[in-house]
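Text of target-v8.cif, listed as mmCIF, C-alpha atoms:
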```
data_coords
loop_
_atom_site.group_PDB
_atom_site.id
_atom_site.type_symbol
_atom_site.label_atom_id
_atom_site.label_comp_id
_atom_site.auth_asym_id
_atom_site.auth_seq_id
_atom_site.Cartn_x
_atom_site.Cartn_y
_atom_site.Cartn_z
ATOM 1 C CA MET O 27 121.181 113.888 76.741
ATOM 2 C CA SER O 28 118.968 110.961 77.656
ATOM 3 C CA THR O 29 115.662 110.197 75.940
ATOM 4 C CA PRO O 30 112.449 109.927 78.028
ATOM 5 C CA MET O 31 112.675 106.133 77.695
ATOM 6 C CA GLN O 32 116.281 106.111 78.934
ATOM 7 C CA ALA O 33 115.356 108.335 81.899
ATOM 8 C CA ALA O 34 112.363 106.121 82.760
ATOM 9 C CA TYR O 35 114.578 103.052 82.411
ATOM 10 C CA GLN O 36 117.214 104.484 84.752
ATOM 11 C CA THR O 37 114.646 105.201 87.468
ATOM 12 C CA ALA O 38 113.006 101.797 87.023
ATOM 13 C CA VAL O 39 116.290 99.894 87.150
ATOM 14 C CA ASP O 40 117.391 101.744 90.295
ATOM 15 C CA GLU O 41 114.096 100.899 91.987
ATOM 16 C CA ALA O 42 114.037 97.275 90.819
ATOM 17 C CA VAL O 43 117.647 96.588 91.847
ATOM 18 C CA THR O 44 117.313 98.304 95.239
ATOM 19 C CA SER O 45 114.038 96.547 96.040
ATOM 20 C CA LEU O 46 115.275 93.103 94.950
ATOM 21 C CA PHE O 47 118.553 93.238 96.853
ATOM 22 C CA HIS O 48 116.994 94.750 99.975
ATOM 23 C CA THR O 49 113.980 92.418 100.076
ATOM 24 C CA MET O 50 115.442 89.111 98.992
ATOM 25 C CA LEU O 51 119.164 89.326 99.779
ATOM 26 C CA ALA O 52 119.069 91.689 102.793
ATOM 27 C CA THR O 53 121.780 93.641 100.983
ATOM 28 C CA ASP O 54 122.054 97.383 100.448
ATOM 29 C CA VAL O 55 123.137 98.639 97.030
ATOM 30 C CA VAL O 56 124.572 102.006 96.033
ATOM 31 C CA PRO O 57 125.378 103.334 92.552
ATOM 32 C CA ALA O 58 129.060 102.923 91.693
ATOM 33 C CA GLU O 59 131.537 103.549 88.898
ATOM 34 C CA PRO O 60 132.060 100.627 86.498
ATOM 35 C CA LYS O 61 135.267 98.663 87.013
ATOM 36 C CA ASP O 62 137.185 96.596 84.483
ATOM 37 C CA THR O 63 138.407 93.860 86.788
ATOM 38 C CA HIS O 64 139.329 91.158 84.220
ATOM 39 C CA GLN O 65 138.170 88.570 86.724
ATOM 40 C CA GLU O 66 136.107 85.458 86.095
ATOM 41 C CA THR O 67 132.703 86.838 85.267
ATOM 42 C CA VAL O 68 129.163 85.505 84.973
ATOM 43 C CA THR O 69 126.436 87.165 82.913
ATOM 44 C CA ALA O 70 122.724 86.416 82.768
ATOM 45 C CA LEU O 71 121.096 87.545 79.533
ATOM 46 C CA ILE O 72 117.339 87.940 79.064
ATOM 47 C CA GLY O 73 115.946 88.553 75.584
ATOM 48 C CA PHE O 74 112.870 90.680 74.872
ATOM 49 C CA GLY O 75 110.671 90.006 71.844
ATOM 50 C CA GLY O 76 107.330 91.114 70.480
ATOM 51 C CA ASN O 77 106.529 94.811 70.214
ATOM 52 C CA TRP O 78 110.015 95.790 71.387
ATOM 53 C CA ARG O 79 113.215 93.833 70.839
ATOM 54 C CA GLY O 80 116.290 93.923 72.974
ATOM 55 C CA ALA O 81 118.164 92.319 75.816
ATOM 56 C CA PHE O 82 118.843 92.825 79.497
ATOM 57 C CA GLU O 83 122.158 91.830 81.088
ATOM 58 C CA PHE O 84 123.104 91.247 84.720
ATOM 59 C CA GLU O 85 126.854 90.799 85.156
ATOM 60 C CA CYS O 86 129.087 90.207 88.156
ATOM 61 C CA GLY O 87 132.242 88.360 89.185
ATOM 62 C CA ARG O 88 131.983 84.697 90.133
ATOM 63 C CA PRO O 89 132.917 85.401 93.791
ATOM 64 C CA GLU O 90 130.159 88.020 94.011
ATOM 65 C CA ALA O 91 127.679 85.636 92.379
ATOM 66 C CA LEU O 92 128.466 83.023 95.008
ATOM 67 C CA VAL O 93 127.762 85.470 97.837
ATOM 68 C CA PHE O 94 124.564 86.688 96.175
ATOM 69 C CA ALA O 95 123.365 83.074 95.803
ATOM 70 C CA ARG O 96 124.227 82.268 99.417
ATOM 71 C CA ARG O 97 122.154 85.224 100.588
ATOM 72 C CA PHE O 98 119.319 84.699 98.091
ATOM 73 C CA MET O 99 118.902 81.044 99.055
ATOM 74 C CA GLN O 100 119.932 81.559 102.689
ATOM 75 C CA ALA O 101 122.325 78.670 102.142
ATOM 76 C CA GLU O 102 125.395 79.248 104.299
ATOM 77 C CA ASP O 103 126.756 75.876 103.175
ATOM 78 C CA LEU O 104 126.906 77.036 99.546
ATOM 79 C CA THR O 105 130.669 77.394 99.018
ATOM 80 C CA GLU O 106 131.189 76.275 95.410
ATOM 81 C CA PHE O 107 130.148 77.915 92.160
ATOM 82 C CA ASN O 108 127.507 75.474 90.931
ATOM 83 C CA GLU O 109 124.091 75.259 89.233
ATOM 84 C CA ASP O 110 122.399 76.906 92.224
ATOM 85 C CA VAL O 111 124.629 79.964 91.737
ATOM 86 C CA ARG O 112 123.882 80.074 87.982
ATOM 87 C CA ASP O 113 120.185 79.654 88.755
ATOM 88 C CA THR O 114 120.339 82.548 91.220
ATOM 89 C CA VAL O 115 122.127 84.892 88.789
ATOM 90 C CA GLY O 116 119.532 84.012 86.148
ATOM 91 C CA GLU O 117 116.700 84.672 88.584
ATOM 92 C CA LEU O 118 118.172 88.025 89.676
ATOM 93 C CA ALA O 119 118.251 89.060 86.009
ATOM 94 C CA ASN O 120 114.749 87.686 85.478
ATOM 95 C CA VAL O 121 113.260 89.647 88.381
ATOM 96 C CA ILE O 122 114.905 92.950 87.376
ATOM 97 C CA ALA O 123 114.025 92.493 83.681
ATOM 98 C CA GLY O 124 110.450 91.590 84.592
ATOM 99 C CA ASN O 125 110.126 94.739 86.688
ATOM 100 C CA LEU O 126 111.451 96.789 83.744
ATOM 101 C CA LYS O 127 108.565 95.667 81.542
ATOM 102 C CA SER O 128 106.466 98.386 83.140
ATOM 103 C CA VAL O 129 108.586 101.049 81.375
ATOM 104 C CA LEU O 130 108.970 99.199 78.079
ATOM 105 C CA PRO O 131 106.351 99.042 75.316
ATOM 106 C CA SER O 132 103.427 96.694 75.985
ATOM 107 C CA GLY O 133 103.090 93.330 74.255
ATOM 108 C CA LEU O 134 106.561 92.072 75.179
ATOM 109 C CA THR O 135 107.693 88.531 75.731
ATOM 110 C CA MET O 136 110.739 87.611 77.825
ATOM 111 C CA SER O 137 113.095 84.702 77.242
ATOM 112 C CA ALA O 138 114.421 82.412 79.931
ATOM 113 C CA PRO O 139 117.861 83.527 81.188
ATOM 114 C CA THR O 140 120.979 82.491 79.286
ATOM 115 C CA ILE O 141 124.087 82.198 81.474
ATOM 116 C CA ILE O 142 127.524 83.080 80.102
ATOM 117 C CA GLU O 143 130.731 82.523 82.084
ATOM 118 C CA GLY O 144 134.350 83.284 81.393
ATOM 119 C CA LYS O 145 137.094 85.868 81.484
ATOM 120 C CA ASP O 146 137.622 88.952 79.305
ATOM 121 C CA TYR O 147 134.564 88.365 77.125
ATOM 122 C CA LYS O 148 132.196 90.924 75.648
ATOM 123 C CA ILE O 149 128.579 90.373 74.705
ATOM 124 C CA ARG O 150 127.307 92.147 71.614
ATOM 125 C CA VAL O 151 123.710 92.265 70.446
ATOM 126 C CA CYS O 152 124.267 92.774 66.721
ATOM 127 C CA GLY O 153 122.954 96.183 65.714
ATOM 128 C CA GLY O 154 121.952 96.755 69.324
ATOM 129 C CA LYS O 155 121.942 100.169 70.958
ATOM 130 C CA LEU O 156 122.858 100.543 74.633
ATOM 131 C CA LEU O 157 119.895 102.271 76.282
ATOM 132 C CA GLY O 158 121.326 102.279 79.769
ATOM 133 C CA SER O 159 124.072 100.815 81.926
ATOM 134 C CA ALA O 160 124.381 101.021 85.689
ATOM 135 C CA THR O 161 126.895 99.614 88.145
ATOM 136 C CA PHE O 162 126.005 99.027 91.783
ATOM 137 C CA SER O 163 128.201 98.374 94.774
ATOM 138 C CA THR O 164 127.378 96.083 97.708
ATOM 139 C CA ASP O 165 129.349 94.828 100.687
ATOM 140 C CA ALA O 166 129.945 91.671 98.627
ATOM 141 C CA GLY O 167 131.224 93.489 95.551
ATOM 142 C CA CYS O 168 129.866 95.141 92.424
ATOM 143 C CA PHE O 169 127.529 94.164 89.619
ATOM 144 C CA THR O 170 126.446 95.853 86.400
ATOM 145 C CA VAL O 171 123.123 95.841 84.562
ATOM 146 C CA ARG O 172 122.535 96.908 80.948
ATOM 147 C CA LEU O 173 119.522 97.341 78.700
ATOM 148 C CA ILE O 174 120.119 97.028 74.974
ATOM 149 C CA GLU O 175 117.603 97.837 72.242
ATOM 150 C CA ASP O 176 117.632 95.967 68.961
ATOM 151 C CA PRO O 177 116.090 98.510 66.561
ATOM 152 C CA LYS O 178 115.835 96.070 63.604
ATOM 153 C CA MET S 10 96.277 71.962 102.771
ATOM 154 C CA ASN S 11 98.255 70.861 99.702
ATOM 155 C CA ILE S 12 100.101 73.640 97.830
ATOM 156 C CA LEU S 13 101.976 73.197 94.510
ATOM 157 C CA ILE S 14 104.824 75.632 93.768
ATOM 158 C CA VAL S 15 105.609 75.888 90.032
ATOM 159 C CA ASP S 16 108.752 77.735 88.950
ATOM 160 C CA ASP S 17 111.629 76.848 86.611
ATOM 161 C CA SER S 18 114.108 78.293 89.102
ATOM 162 C CA LYS S 19 115.028 75.931 91.941
ATOM 163 C CA ALA S 20 116.302 78.911 93.932
ATOM 164 C CA MET S 21 112.968 80.703 93.565
ATOM 165 C CA ARG S 22 110.982 77.570 94.543
ATOM 166 C CA MET S 23 113.110 77.409 97.682
ATOM 167 C CA ILE S 24 112.421 81.088 98.413
ATOM 168 C CA VAL S 25 108.672 80.660 97.903
ATOM 169 C CA ARG S 26 108.766 77.745 100.391
ATOM 170 C CA ARG S 27 110.698 79.878 102.884
ATOM 171 C CA THR S 28 108.364 82.841 102.439
ATOM 172 C CA LEU S 29 105.302 80.645 102.960
ATOM 173 C CA ARG S 30 106.829 79.468 106.244
ATOM 174 C CA GLU S 31 107.606 83.061 107.269
ATOM 175 C CA ALA S 32 104.047 84.082 106.352
ATOM 176 C CA GLY S 33 102.645 81.491 108.762
ATOM 177 C CA TYR S 34 101.878 78.636 106.347
ATOM 178 C CA ALA S 35 104.520 76.238 107.650
ATOM 179 C CA GLY S 36 102.001 73.510 108.429
ATOM 180 C CA HIS S 37 100.879 73.010 104.850
ATOM 181 C CA GLU S 38 102.063 70.294 102.497
ATOM 182 C CA LEU S 39 104.305 71.875 99.843
ATOM 183 C CA LYS S 40 105.137 70.209 96.514
ATOM 184 C CA GLU S 41 107.163 71.525 93.556
ATOM 185 C CA ALA S 42 107.180 71.419 89.756
ATOM 186 C CA GLY S 43 109.643 72.999 87.299
ATOM 187 C CA ASN S 44 107.089 74.141 84.678
ATOM 188 C CA GLY S 45 103.480 73.744 83.542
ATOM 189 C CA VAL S 46 104.046 70.256 82.163
ATOM 190 C CA GLY S 47 105.497 69.094 85.481
ATOM 191 C CA ALA S 48 102.577 70.706 87.296
ATOM 192 C CA LEU S 49 100.025 68.831 85.166
ATOM 193 C CA GLU S 50 101.805 65.551 85.928
ATOM 194 C CA ALA S 51 101.720 66.331 89.658
ATOM 195 C CA ILE S 52 98.011 67.215 89.454
ATOM 196 C CA LYS S 53 97.265 63.847 87.796
ATOM 197 C CA SER S 54 98.578 61.962 90.795
ATOM 198 C CA GLU S 55 97.231 64.106 93.639
ATOM 199 C CA SER S 56 94.864 66.988 94.247
ATOM 200 C CA PHE S 57 96.002 70.439 95.325
ATOM 201 C CA ASP S 58 94.171 73.212 97.153
ATOM 202 C CA LEU S 59 96.337 75.973 95.698
ATOM 203 C CA ILE S 60 98.822 76.405 92.852
ATOM 204 C CA LEU S 61 101.437 79.174 93.088
ATOM 205 C CA SER S 62 102.932 79.515 89.619
ATOM 206 C CA ASP S 63 105.563 81.552 87.841
ATOM 207 C CA TRP S 64 104.391 83.053 84.536
ATOM 208 C CA ASN S 65 107.365 82.720 82.222
ATOM 209 C CA MET S 66 108.623 79.118 82.080
ATOM 210 C CA PRO S 67 109.959 76.796 79.349
ATOM 211 C CA GLU S 68 107.740 74.120 77.746
ATOM 212 C CA MET S 69 104.496 75.375 79.323
ATOM 213 C CA SER S 70 104.044 78.824 80.821
ATOM 214 C CA GLY S 71 102.003 79.578 83.911
ATOM 215 C CA LEU S 72 99.277 81.155 81.793
ATOM 216 C CA GLU S 73 99.097 78.067 79.549
ATOM 217 C CA LEU S 74 98.880 75.917 82.675
ATOM 218 C CA LEU S 75 96.000 78.001 84.023
ATOM 219 C CA GLN S 76 94.181 77.846 80.666
ATOM 220 C CA LYS S 77 94.693 74.067 80.458
ATOM 221 C CA LEU S 78 93.308 73.560 83.962
ATOM 222 C CA LYS S 79 90.299 75.721 83.114
ATOM 223 C CA ASN S 80 89.648 73.869 79.843
ATOM 224 C CA ASP S 81 89.942 70.507 81.624
ATOM 225 C CA GLY S 82 87.482 71.635 84.302
ATOM 226 C CA THR S 83 90.047 71.195 87.088
ATOM 227 C CA GLN S 84 88.890 73.097 90.160
ATOM 228 C CA VAL S 85 91.915 74.516 91.985
ATOM 229 C CA LYS S 86 92.772 77.909 93.417
ATOM 230 C CA PHE S 87 95.506 79.518 91.333
ATOM 231 C CA GLY S 88 97.811 82.506 91.863
ATOM 232 C CA PHE S 89 100.817 83.833 89.980
ATOM 233 C CA VAL S 90 104.181 84.613 91.571
ATOM 234 C CA THR S 91 106.066 86.365 88.802
ATOM 235 C CA SER S 92 108.673 89.004 88.072
ATOM 236 C CA GLU S 93 106.574 90.498 85.289
ATOM 237 C CA SER S 94 104.401 93.256 86.601
ATOM 238 C CA SER S 95 102.762 94.968 83.643
ATOM 239 C CA ALA S 96 99.145 96.077 83.973
ATOM 240 C CA GLU S 97 98.136 94.032 80.929
ATOM 241 C CA MET S 98 99.443 90.844 82.554
ATOM 242 C CA LYS S 99 97.543 91.505 85.767
ATOM 243 C CA VAL S 100 94.341 91.990 83.767
ATOM 244 C CA LYS S 101 95.018 88.843 81.715
ATOM 245 C CA ALA S 102 95.745 86.794 84.843
ATOM 246 C CA ILE S 103 92.472 87.784 86.520
ATOM 247 C CA GLU S 104 90.495 87.321 83.282
ATOM 248 C CA GLU S 105 91.801 83.762 83.023
ATOM 249 C CA GLY S 106 90.774 82.969 86.585
ATOM 250 C CA ALA S 107 93.849 83.642 88.723
ATOM 251 C CA LEU S 108 92.971 84.866 92.200
ATOM 252 C CA PHE S 109 96.039 87.074 92.601
ATOM 253 C CA LEU S 110 99.361 88.042 91.070
ATOM 254 C CA ILE S 111 102.306 88.453 93.434
ATOM 255 C CA THR S 112 105.195 90.372 91.903
ATOM 256 C CA LYS S 113 108.805 89.425 92.642
ATOM 257 C CA PRO S 114 110.505 90.622 94.769
ATOM 258 C CA PHE S 115 108.042 89.830 97.547
ATOM 259 C CA THR S 116 107.917 89.629 101.329
ATOM 260 C CA ALA S 117 106.118 87.360 103.780
ATOM 261 C CA GLU S 118 103.572 90.153 104.236
ATOM 262 C CA THR S 119 102.868 90.150 100.483
ATOM 263 C CA PHE S 120 102.105 86.428 100.668
ATOM 264 C CA ARG S 121 99.961 86.830 103.799
ATOM 265 C CA SER S 122 97.882 89.576 102.156
ATOM 266 C CA ALA S 123 97.319 87.500 99.012
ATOM 267 C CA LEU S 124 96.693 84.133 100.684
ATOM 268 C CA GLN S 125 94.705 85.036 103.809
ATOM 269 C CA PRO S 126 91.451 85.864 101.979
ATOM 270 C CA ILE S 127 91.471 82.649 99.948
ATOM 271 C CA LEU S 128 92.864 80.150 102.470
ATOM 272 C CA ASN S 129 90.896 81.595 105.401
ATOM 273 C CA CYS S 130 93.883 81.134 107.701
#
```

Exercise: express the given structure as structure tokens:
Amino acid sequence: MSTPMQAAYQTAVDEAVTSLFHTMLATDVVPAEPKDTHQETVTALIGFGGNWRGAFEFECGRPEALVFARRFMQAEDLTEFNEDVRDTVGELANVIAGNLKSVLPSGLTMSAPTIIEGKDYKIRVCGGKLLGSATFSTDAGCFTVRLIEDPK
Amino acid sequence: MNILIVDDSKAMRMIVRRTLREAGYAGHELKEAGNGVGALEAIKSESFDLILSDWNMPEMSGLELLQKLKNDGTQVKFGFVTSESSAEMKVKAIEEGALFLITKPFTAETFRSALQPILNC
């Protein structure tokens, strides 16, 4: 059973993701089942501090990130995974996490995005509790977002 | 009209430029800075009619930039373009002298609605 905060988070993340992808990438998103693809992955991590501590993750494959960046920047000539792609993934995470602040306790600060890349890695926030995880499908592939609370 | 776009994301600065064009402000001079410190340097060398700033940036945030400009007596129209949309931030932004707060994601219409009353065009 989900807590009121988890339910509010789920609604807020659905709205934030749908709005962001529709408005700024002209891309439709639909909820999907998580996949363990073992492909080269990129994750943007945003930390929350202040009155509530935790982290928000946006994770997708490198090929998907490249397409998202191409659409976000309207840069058809963007064909290589570079700093612009990392910047875009970080900004996608930043926009969604910023929108989520409305359902998190007031008095929060947000960190700049940290970008992690690799294959078969897992990110753990020590002592962290997964509040919500959602995978979305697009015509360019899937991505997953997670909100983790650090109760310490 | 000289407009300074302040955001630590190059991709977002590019999107703000594009959205300004789509909103009908293509004829204006657009400059960029990567954070509040970069914005202050740009303001030293030329004057701007409007600053469009992100809130959360390394080294100097958008709010710190706005407060610094106010303390220095710099007269410039200032608006936030930020992903953070809490009610307390909107109140804080207006209290500190910002004219508007545009929340990401945004459209050209969002920009037009925010800018038309203050740029009179």

### Explicit residue set for the PyMOL selection byres ((chain S) within 12 of (chain O)), as a count of residues only
39

#### Entry: Residue contacts of range 123-128 of chain S (9 Å, all atoms listed in the file) excluding same-chain residues fewer than 4 positions away, as a count of residues only
11

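For the pair CA of Ser62 in chain S and CA of Ile14 in chain S, the separation is 6.0 Å.
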
### Query
CA of Lys178 in chain O to CA of Ile142 in chain O: how many Å, to one decimal?
24.0 Å

### Query
Residues at most 12 Å from Leu49 in chain S, counting all atoms listed in the file, excluding those fewer than 2 positions away in the same chain, as a ChimeraX atom specification?
/S:13-15,41-47,51-57,60,62,68-71,73-78,81,83

Carefully work through the PyMOL selection byres ((chain O and resi 66) around 10) for this structure and note down the residues it includes, as a short mmCIF file (atom, residue, chain, number, x, y, z; two decimals) with C-alpha atoms, keeping the file's coordinate frame.
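As a result, part-v7.cif now contains:
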```cif
data_model
loop_
_atom_site.label_atom_id
_atom_site.label_comp_id
_atom_site.auth_asym_id
_atom_site.auth_seq_id
_atom_site.Cartn_x
_atom_site.Cartn_y
_atom_site.Cartn_z
CA THR O 63 138.41 93.86 86.79
CA HIS O 64 139.33 91.16 84.22
CA GLN O 65 138.17 88.57 86.72
CA THR O 67 132.70 86.84 85.27
CA VAL O 68 129.16 85.50 84.97
CA CYS O 86 129.09 90.21 88.16
CA GLY O 87 132.24 88.36 89.18
CA ARG O 88 131.98 84.70 90.13
CA PRO O 89 132.92 85.40 93.79
CA GLU O 143 130.73 82.52 82.08
CA GLY O 144 134.35 83.28 81.39
CA LYS O 145 137.09 85.87 81.48
CA ASP O 146 137.62 88.95 79.31
CA TYR O 147 134.56 88.36 77.12
#
```

### Task
Output the residue selection produced by the PyMOL selection byres ((chain O and resi 80-85) around 6) on the file above, formatted as a list in words.
Val68, Thr69, Ala70, Leu71, Ile72, Gly73, Phe74, Arg79, Cys86, Ala119, Phe169, Thr170, Val171, Arg172, Leu173, Ile174, Glu175 and Asp176 of chain O

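Note that CA of Ala102 in chain S and CA of Val39 in chain O are 24.5 Å apart.
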
#### Entry: Selection near Gln36 in chain O, 9 Å with only C-alpha atoms, sequence-local residues under 6 positions removed, as a ChimeraX atom specification
/O:158-160

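Near (123.6, 98.5, 98.2), the residues that fall inside 12 Å on the basis of only C-alpha atoms are Asp40, Glu41, Val43, Thr44, Ser45, Leu46, Phe47, His48, Thr49, Leu51, Ala52, Thr53, Asp54, Val55, Val56, Pro57, Ala58, Thr161, Phe162, Ser163, Thr164, Asp165, Ala166, Gly167, Cys168 and Phe169 of chain O.
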